[in-house]
$ cat run09.txt   # compact mmCIF, C-alpha atoms
# COMPACT_ATOMS: atom_id res chain seq x y z
CA MET F 1 2.73 -11.01 25.50
CA THR F 2 -0.94 -10.36 25.77
CA VAL F 3 -3.29 -8.12 23.85
CA PRO F 4 -4.18 -4.99 25.85
CA LEU F 5 -7.77 -4.20 26.67
CA GLY F 6 -7.63 -1.05 24.55
CA ALA F 7 -7.23 -3.05 21.35
CA PHE F 8 -10.50 -4.89 21.97
CA VAL F 9 -12.27 -1.65 22.81
CA ALA F 10 -10.86 -0.03 19.67
CA VAL F 11 -12.13 -2.86 17.47
CA SER F 12 -15.50 -2.55 19.17
CA ALA F 13 -15.62 1.22 18.56
CA ALA F 14 -14.55 0.79 14.94
CA LEU F 15 -17.24 -1.79 14.27
CA PHE F 16 -19.82 0.40 15.97
CA PHE F 17 -18.92 3.34 13.74
CA ILE F 18 -18.99 1.12 10.65
CA GLY F 19 -22.47 -0.05 11.57
CA ALA F 20 -23.64 3.48 12.30
CA ALA F 21 -22.32 4.67 8.94
CA GLY F 22 -24.14 1.79 7.25
CA VAL F 23 -27.42 2.66 8.95
CA LEU F 24 -27.07 6.27 7.83
CA VAL F 25 -25.82 5.66 4.28
CA ARG F 26 -27.67 2.62 2.97
CA ARG F 27 -31.26 2.77 1.80
CA ASN F 28 -32.10 -0.93 1.75
CA ALA F 29 -34.11 -1.89 4.83
CA VAL F 30 -32.55 -5.36 5.08
CA VAL F 31 -29.04 -3.89 4.92
CA ILE F 32 -29.98 -1.38 7.61
CA LEU F 33 -31.10 -4.27 9.79
CA MET F 34 -27.73 -5.98 9.20
CA CYS F 35 -25.87 -2.82 10.20
CA VAL F 36 -27.92 -2.56 13.40
CA GLU F 37 -26.86 -6.11 14.19
CA LEU F 38 -23.22 -5.11 13.66
CA MET F 39 -23.65 -2.25 16.13
CA LEU F 40 -25.24 -4.54 18.72
CA ASN F 41 -22.37 -6.99 18.31
CA ALA F 42 -19.79 -4.22 18.74
CA SER F 43 -21.43 -3.27 22.03
CA ASN F 44 -21.24 -6.93 23.08
CA LEU F 45 -17.48 -6.94 22.52
CA ALA F 46 -17.04 -3.83 24.66
CA LEU F 47 -19.21 -5.34 27.41
CA VAL F 48 -17.25 -8.59 27.50
CA SER F 49 -13.88 -6.80 27.49
CA PHE F 50 -14.79 -4.54 30.38
CA SER F 51 -16.32 -7.49 32.20
CA ARG F 52 -12.96 -9.28 31.98
CA ARG F 53 -11.21 -6.19 33.32
CA ALA F 54 -13.64 -5.77 36.20
CA GLY F 55 -13.12 -9.41 37.11
CA GLN F 56 -9.34 -9.02 37.07
CA LEU F 57 -9.08 -5.83 39.05
CA GLY F 58 -10.34 -7.68 42.07
CA ALA F 59 -13.21 -5.27 42.58
CA GLY F 60 -15.25 -7.65 44.65
CA ASN F 61 -15.82 -11.13 43.36
CA PRO F 62 -13.20 -12.39 40.88
CA LEU F 63 -15.95 -14.50 39.35
CA ASP F 64 -17.89 -11.35 38.60
CA GLN F 65 -19.74 -11.97 35.33
CA ARG F 66 -22.21 -9.11 35.27
CA GLY F 67 -21.00 -7.87 31.89
CA SER F 68 -21.36 -11.31 30.37
CA VAL F 69 -24.85 -11.69 31.84
CA PHE F 70 -25.75 -8.41 30.19
CA VAL F 71 -24.40 -9.74 26.90
CA VAL F 72 -26.77 -12.70 27.18
CA PHE F 73 -29.69 -10.28 27.46
CA VAL F 74 -28.37 -8.32 24.48
CA PHE F 75 -28.43 -11.59 22.52
CA VAL F 76 -32.08 -12.08 23.45
CA ILE F 77 -32.99 -8.53 22.46
CA ALA F 78 -31.08 -8.85 19.18
CA ALA F 79 -32.86 -12.06 18.25
CA ALA F 80 -36.26 -10.57 19.06
CA GLU F 81 -35.39 -7.38 17.21
CA VAL F 82 -34.31 -9.08 14.00
CA ALA F 83 -37.39 -11.34 13.99
CA VAL F 84 -39.85 -8.48 14.49
CA GLY F 85 -37.85 -6.18 12.19
CA LEU F 86 -37.94 -8.64 9.33
CA ALA F 87 -41.64 -9.23 9.95
CA ILE F 88 -42.24 -5.48 9.67
CA ILE F 89 -40.16 -5.29 6.49
CA LEU F 90 -42.14 -8.17 4.98
CA ALA F 91 -45.47 -6.63 6.01
CA ALA F 92 -44.46 -3.31 4.46
CA TYR F 93 -43.22 -5.15 1.38
CA ARG F 94 -46.58 -6.83 0.92
CA ASN F 95 -48.24 -3.44 1.05
CA ARG F 96 -45.82 -1.82 -1.37
CA PRO F 97 -43.23 -4.05 -3.05
CA THR F 98 -40.00 -2.28 -2.21
CA VAL F 99 -37.39 -2.45 0.53
CA ASN F 100 -36.06 1.03 -0.18
CA VAL F 101 -36.67 3.13 2.91
CA ASP F 102 -36.89 6.29 0.81
CA GLU F 103 -39.97 4.90 -0.91
CA ILE F 104 -41.66 3.63 2.26
CA HIS F 105 -42.69 7.02 3.54
CA GLU F 106 -46.21 6.52 4.77
CA MET F 107 -47.51 4.29 7.52
CA LYS F 108 -51.09 4.18 6.28
CA GLY F 109 -52.12 0.57 5.71
CA MET G 110 7.67 -17.69 19.49
CA PHE G 111 4.57 -18.97 21.26
CA ASP G 112 4.42 -15.56 22.87
CA LEU G 113 3.38 -13.94 19.63
CA LEU G 114 0.47 -16.30 19.03
CA GLU G 115 -2.13 -14.25 20.84
CA PRO G 116 -1.42 -10.89 19.10
CA VAL G 117 -1.31 -12.57 15.71
CA VAL G 118 -4.65 -14.29 16.30
CA PHE G 119 -6.06 -11.01 17.51
CA ALA G 120 -4.80 -9.20 14.39
CA VAL G 121 -6.38 -11.79 12.08
CA LEU G 122 -9.69 -11.60 13.96
CA ALA G 123 -9.65 -7.79 14.00
CA LEU G 124 -9.01 -7.78 10.26
CA GLY G 125 -11.92 -10.20 9.82
CA VAL G 126 -14.27 -8.09 11.94
CA ILE G 127 -13.42 -4.69 10.47
CA GLY G 128 -12.79 -5.81 6.87
CA SER G 129 -16.01 -7.73 6.51
CA GLY G 130 -17.87 -5.03 8.44
CA VAL G 131 -16.72 -2.44 5.91
CA CYS G 132 -17.69 -4.79 3.09
CA VAL G 133 -21.20 -5.15 4.55
CA VAL G 134 -21.60 -1.39 4.32
CA ILE G 135 -19.95 -0.87 0.93
CA LEU G 136 -20.85 -3.88 -1.21
CA ARG G 137 -23.97 -3.92 -3.32
CA ARG G 138 -24.62 -7.66 -3.62
CA ILE G 139 -27.01 -8.46 -0.85
CA THR G 140 -26.32 -12.18 -0.44
CA ALA G 141 -22.57 -11.52 -0.22
CA GLN G 142 -23.32 -8.85 2.35
CA ALA G 143 -25.34 -11.25 4.47
CA LEU G 144 -22.61 -13.89 4.36
CA LEU G 145 -19.91 -11.32 5.16
CA MET G 146 -22.02 -10.28 8.13
CA ALA G 147 -21.86 -13.93 9.23
CA LEU G 148 -18.06 -13.76 8.86
CA THR G 149 -18.00 -10.67 11.08
CA PHE G 150 -20.00 -12.52 13.72
CA ALA G 151 -17.73 -15.57 13.49
CA SER G 152 -14.61 -13.43 13.93
CA MET G 153 -16.32 -11.78 16.87
CA ALA G 154 -16.85 -15.24 18.40
CA GLY G 155 -13.09 -15.76 18.08
CA MET G 156 -12.53 -12.50 19.94
CA PHE G 157 -14.79 -13.68 22.75
CA LEU G 158 -12.69 -16.86 22.94
CA LEU G 159 -9.54 -14.73 23.12
CA LEU G 160 -11.11 -12.81 26.00
CA GLY G 161 -11.78 -16.06 27.82
CA ALA G 162 -15.57 -15.91 27.50
CA GLU G 163 -16.17 -19.34 25.97
CA THR G 164 -19.86 -19.53 26.78
CA ILE G 165 -20.51 -16.16 25.16
CA ALA G 166 -18.57 -17.31 22.10
CA LEU G 167 -20.77 -20.39 21.90
CA PHE G 168 -23.93 -18.27 22.17
CA GLN G 169 -22.51 -15.98 19.51
CA VAL G 170 -22.05 -18.85 17.08
CA LEU G 171 -25.47 -20.33 17.85
CA ILE G 172 -27.52 -17.14 17.81
CA TYR G 173 -25.70 -14.71 15.52
CA VAL G 174 -23.88 -16.93 13.03
CA GLY G 175 -26.69 -19.46 13.03
CA ALA G 176 -30.08 -17.94 13.65
CA ILE G 177 -29.79 -14.26 12.77
CA THR G 178 -27.87 -14.87 9.53
CA ILE G 179 -30.49 -17.38 8.41
CA LEU G 180 -33.29 -14.95 9.28
CA ILE G 181 -31.60 -12.16 7.31
CA LEU G 182 -31.12 -14.52 4.36
CA PHE G 183 -34.83 -15.36 4.51
CA GLY G 184 -35.55 -11.63 4.44
CA VAL G 185 -33.31 -11.26 1.40
CA MET G 186 -35.05 -14.17 -0.29
CA PHE G 187 -38.60 -12.94 0.31
CA THR G 188 -38.07 -9.40 -0.97
CA LYS G 189 -37.10 -8.05 -4.36
CA GLN G 190 -33.69 -6.39 -4.14
CA ASP G 191 -33.27 -3.57 -6.60
CA GLU G 192 -29.87 -2.66 -7.92
CA ARG G 193 -29.97 0.97 -6.92
CA GLY G 194 -26.76 2.18 -5.41
CA TYR G 195 -25.92 4.23 -2.38
CA GLY G 196 -28.46 6.83 -1.46
CA LEU G 197 -26.31 9.48 0.06
CA PHE G 198 -22.74 8.59 -0.79
CA PHE G 199 -21.81 11.17 -3.37
CA GLN G 200 -23.87 14.10 -2.29
CA GLN G 201 -22.80 17.39 -0.88
CA GLN G 202 -23.05 16.38 2.75
CA THR G 203 -19.96 14.19 2.46
CA PRO G 204 -17.39 16.78 3.73
CA TRP G 205 -19.65 17.67 6.64
CA ALA G 206 -20.19 14.03 7.45
CA ALA G 207 -16.42 13.38 7.31
CA ALA G 208 -15.75 16.34 9.60
CA LEU G 209 -18.38 15.10 12.05
CA VAL G 210 -16.94 11.57 11.99
CA ILE G 211 -13.44 12.91 12.69
CA VAL G 212 -14.73 15.01 15.54
CA ILE G 213 -16.48 12.03 17.10
CA ALA G 214 -14.28 9.10 16.11
CA LEU G 215 -10.85 10.48 17.00
CA PRO G 216 -11.63 11.09 20.70
CA VAL G 217 -13.26 7.69 20.90
CA THR G 218 -10.15 6.06 19.40
CA PHE G 219 -7.83 7.78 21.86
CA LEU G 220 -10.14 6.87 24.70
CA ALA G 221 -10.21 3.25 23.57
CA PHE G 222 -6.43 2.91 23.42
CA SER G 223 -6.09 4.51 26.84
CA PHE G 224 -7.10 1.21 28.47
CA LYS G 225 -3.81 -0.61 28.82
CA ASP G 226 -4.66 -3.40 31.23
CA PRO G 227 -3.51 -6.73 29.84
CA ILE G 228 -6.10 -9.45 29.40
CA THR G 229 -4.91 -12.55 31.18
CA PRO G 230 -6.38 -15.95 30.44
CA SER G 231 -9.35 -16.86 32.57
CA ALA G 232 -9.28 -19.17 35.51
CA LYS G 233 -9.53 -22.88 35.02
CA GLY G 234 -13.00 -24.10 34.26
CA GLY G 235 -14.05 -21.30 31.96
CA ASP G 236 -16.86 -18.89 32.52
CA LEU G 237 -19.87 -21.21 32.27
CA ILE G 238 -20.30 -21.88 35.98
CA PRO G 239 -19.99 -18.26 37.24
CA LEU G 240 -22.14 -17.06 34.34
CA ALA G 241 -24.87 -19.59 35.05
CA ALA G 242 -24.72 -18.95 38.79
CA SER G 243 -25.08 -15.24 38.25
CA LEU G 244 -27.82 -15.60 35.63
CA PHE G 245 -30.04 -17.95 37.62
CA THR G 246 -29.67 -16.34 41.04
CA ASP G 247 -29.09 -12.57 40.87
CA TYR G 248 -30.67 -12.13 37.47
CA ALA G 249 -33.46 -14.70 37.60
CA PHE G 250 -36.22 -12.11 37.27
CA PRO G 251 -34.69 -10.36 34.20
CA PHE G 252 -34.19 -13.84 32.76
CA GLU G 253 -37.92 -14.55 33.06
CA VAL G 254 -38.75 -11.14 31.60
CA ALA G 255 -36.47 -11.92 28.67
CA SER G 256 -38.30 -15.19 28.06
CA VAL G 257 -41.61 -13.32 28.02
CA LEU G 258 -40.08 -10.83 25.57
CA LEU G 259 -39.02 -13.67 23.28
CA LEU G 260 -42.53 -15.13 23.41
CA ALA G 261 -44.00 -11.72 22.58
CA ALA G 262 -41.57 -11.32 19.66
CA LEU G 263 -42.49 -14.80 18.40
CA VAL G 264 -46.22 -14.10 18.48
CA GLY G 265 -45.71 -10.60 17.08
CA ALA G 266 -43.65 -11.81 14.14
CA ILE G 267 -46.24 -14.45 13.27
CA VAL G 268 -49.13 -11.98 13.53
CA LEU G 269 -47.31 -9.38 11.42
CA VAL G 270 -46.63 -11.68 8.48
CA LYS G 271 -49.84 -13.72 8.64
CA ARG G 272 -51.91 -13.45 5.51
CA ASP G 273 -55.52 -12.51 5.97
CA GLU G 274 -57.77 -15.42 5.12
CA GLY G 275 -60.06 -14.91 2.18
$ encode --input "run09.txt" --output "structure tokens"
Amino acid sequence: MTVPLGAFVAVSAALFFIGAAGVLVRRNAVVILMCVELMLNASNLALVSFSRRAGQLGAGNPLDQRGSVFVVFVFVIAAAEVAVGLAIILAAYRNRPTVNVDEIHEMKG
Amino acid sequence: MFDLLEPVVFAVLALGVIGSGVCVVILRRITAQALLMALTFASMAGMFLLLGAETIALFQVLIYVGAITILILFGVMFTKQDERGYGLFFQQQTPWAAALVIVIALPVTFLAFSFKDPITPSAKGGDLIPLAASLFTDYAFPFEVASVLLLAALVGAIVLVKRDEG
């Protein structure tokens, strides 16, 4: 008995919606960054699941790993994004000591 | 008996992913949120293992559970976290937001469960060798571009948080 592909995709979709709701609802910039990471990770799960399926269906090379290669690039982008995002949050915090995105409403330095 | 192992593991991991994901959104204690986010990432690594993508699971543990969680915790530590609650939770948009979520989420759920192909265990030897072969031959140029992007992010992060001398 194996787990069907749909279950993985459903978990991925659920986590993506949870992250999207967090981005929309929360006002703390650090929490928003966390929720963006959750969304990126949900997309990774969908990519890996469909990559497994593409490899199994025999569409070309059974060692086809294109989805997984894409996940590696998503990892790189996520790491760069969180580093630069936190740097921006800290720079804004130095200018005006709050992490509430409602109170950071001007970009003038 | 052994047959049921995989669905049970999947159920535990799915509970870990979705439960701690919901807690990240709902809780108001920021350190607990950051650690629950790490739990979400760790459960996700288990899901990658279940899918037969061991190398991706290893990267997940190294990059997400290790590096990104630590970075977020540094961000929590360096900023003052006020105790103000949810911005928009109990306002009048809630019914509209719920209606919109139902309209979007229900079709996505049905679409997700429409994929019924079983996931069989991967071939012997794991996914490291095909992944590496693909990454360093077909995708060598994007790989180099990604390394330049990481360098740019490194320099950018340092420049952004550098204090002006004097």
$ atom_distance --input "run09.txt" --atom1 "atom CA of F:Thr2" --atom2 "atom CA of G:Ala147"
26.9 Å
$ atom_distance --input "run09.txt" --atom1 "atom CA of G:Val118" --atom2 "atom CA of G:Asp226"
18.5 Å
$ residues_around --input "run09.txt" --residues "stretch 267-269 of chain G" --least-positions-apart "3" --cutoff "9 Å" --atoms "all atoms listed in the file" --output "PDB file with C-alpha atoms, in the coordinates of the input"
ATOM      1  CA  VAL F  84     -39.850  -8.480  14.490  1.00  0.00           C
ATOM      2  CA  ALA F  87     -41.640  -9.230   9.950  1.00  0.00           C
ATOM      3  CA  ILE F  88     -42.240  -5.480   9.670  1.00  0.00           C
ATOM      4  CA  LEU F  90     -42.140  -8.170   4.980  1.00  0.00           C
ATOM      5  CA  ALA F  91     -45.470  -6.630   6.010  1.00  0.00           C
TER       6      ALA F  91
ATOM      7  CA  ALA G 262     -41.570 -11.320  19.660  1.00  0.00           C
ATOM      8  CA  LEU G 263     -42.490 -14.800  18.400  1.00  0.00           C
ATOM      9  CA  VAL G 264     -46.220 -14.100  18.480  1.00  0.00           C
ATOM     10  CA  ARG G 272     -51.910 -13.450   5.510  1.00  0.00           C
TER      11      ARG G 272
END
$ atom_distance --input "run09.txt" --atom1 "atom CA of F:Val72" --atom2 "atom CA of F:Phe50"
14.8 Å
$ residues_around --input "run09.txt" --residues "G:Thr188" --least-positions-apart "3" --cutoff "10 Å" --atoms "all atoms listed in the file" --output "PyMOL selection string"
(chain F and resi 30+89-90+93-94+97-99) or (chain G and resi 183-185+191)
$ closest_residue --input "run09.txt" --among "F:Val74, F:Val101, F:Ser12, F:Gly22" --to "chain G" --atoms "all atoms listed in the file"
F:Gly22
$ interface_residues --input "run09.txt" --of "chain F" --to "chain G" --cutoff "6 Å" --atoms "all atoms listed in the file" --output "short mmCIF file (atom, residue, chain, number, x, y, z; two decimals) with C-alpha atoms, keeping the file's coordinate frame"
data_model
loop_
_atom_site.label_atom_id
_atom_site.label_comp_id
_atom_site.auth_asym_id
_atom_site.auth_seq_id
_atom_site.Cartn_x
_atom_site.Cartn_y
_atom_site.Cartn_z
CA MET F 1 2.73 -11.01 25.50
CA VAL F 3 -3.29 -8.12 23.85
CA PRO F 4 -4.18 -4.99 25.85
CA LEU F 5 -7.77 -4.20 26.67
CA GLY F 6 -7.63 -1.05 24.55
CA VAL F 9 -12.27 -1.65 22.81
CA ALA F 10 -10.86 -0.03 19.67
CA GLY F 22 -24.14 1.79 7.25
CA VAL F 25 -25.82 5.66 4.28
CA ARG F 26 -27.67 2.62 2.97
CA ARG F 27 -31.26 2.77 1.80
CA LEU F 63 -15.95 -14.50 39.35
CA GLN F 65 -19.74 -11.97 35.33
CA ALA F 80 -36.26 -10.57 19.06
CA VAL F 84 -39.85 -8.48 14.49
CA ALA F 87 -41.64 -9.23 9.95
CA ALA F 91 -45.47 -6.63 6.01
#
$ residues_around --input "run09.txt" --residues "F:Met39" --least-positions-apart "5" --cutoff "7 Å" --atoms "all atoms listed in the file" --output "number ranges by chain"
F: 15-16, 19-20
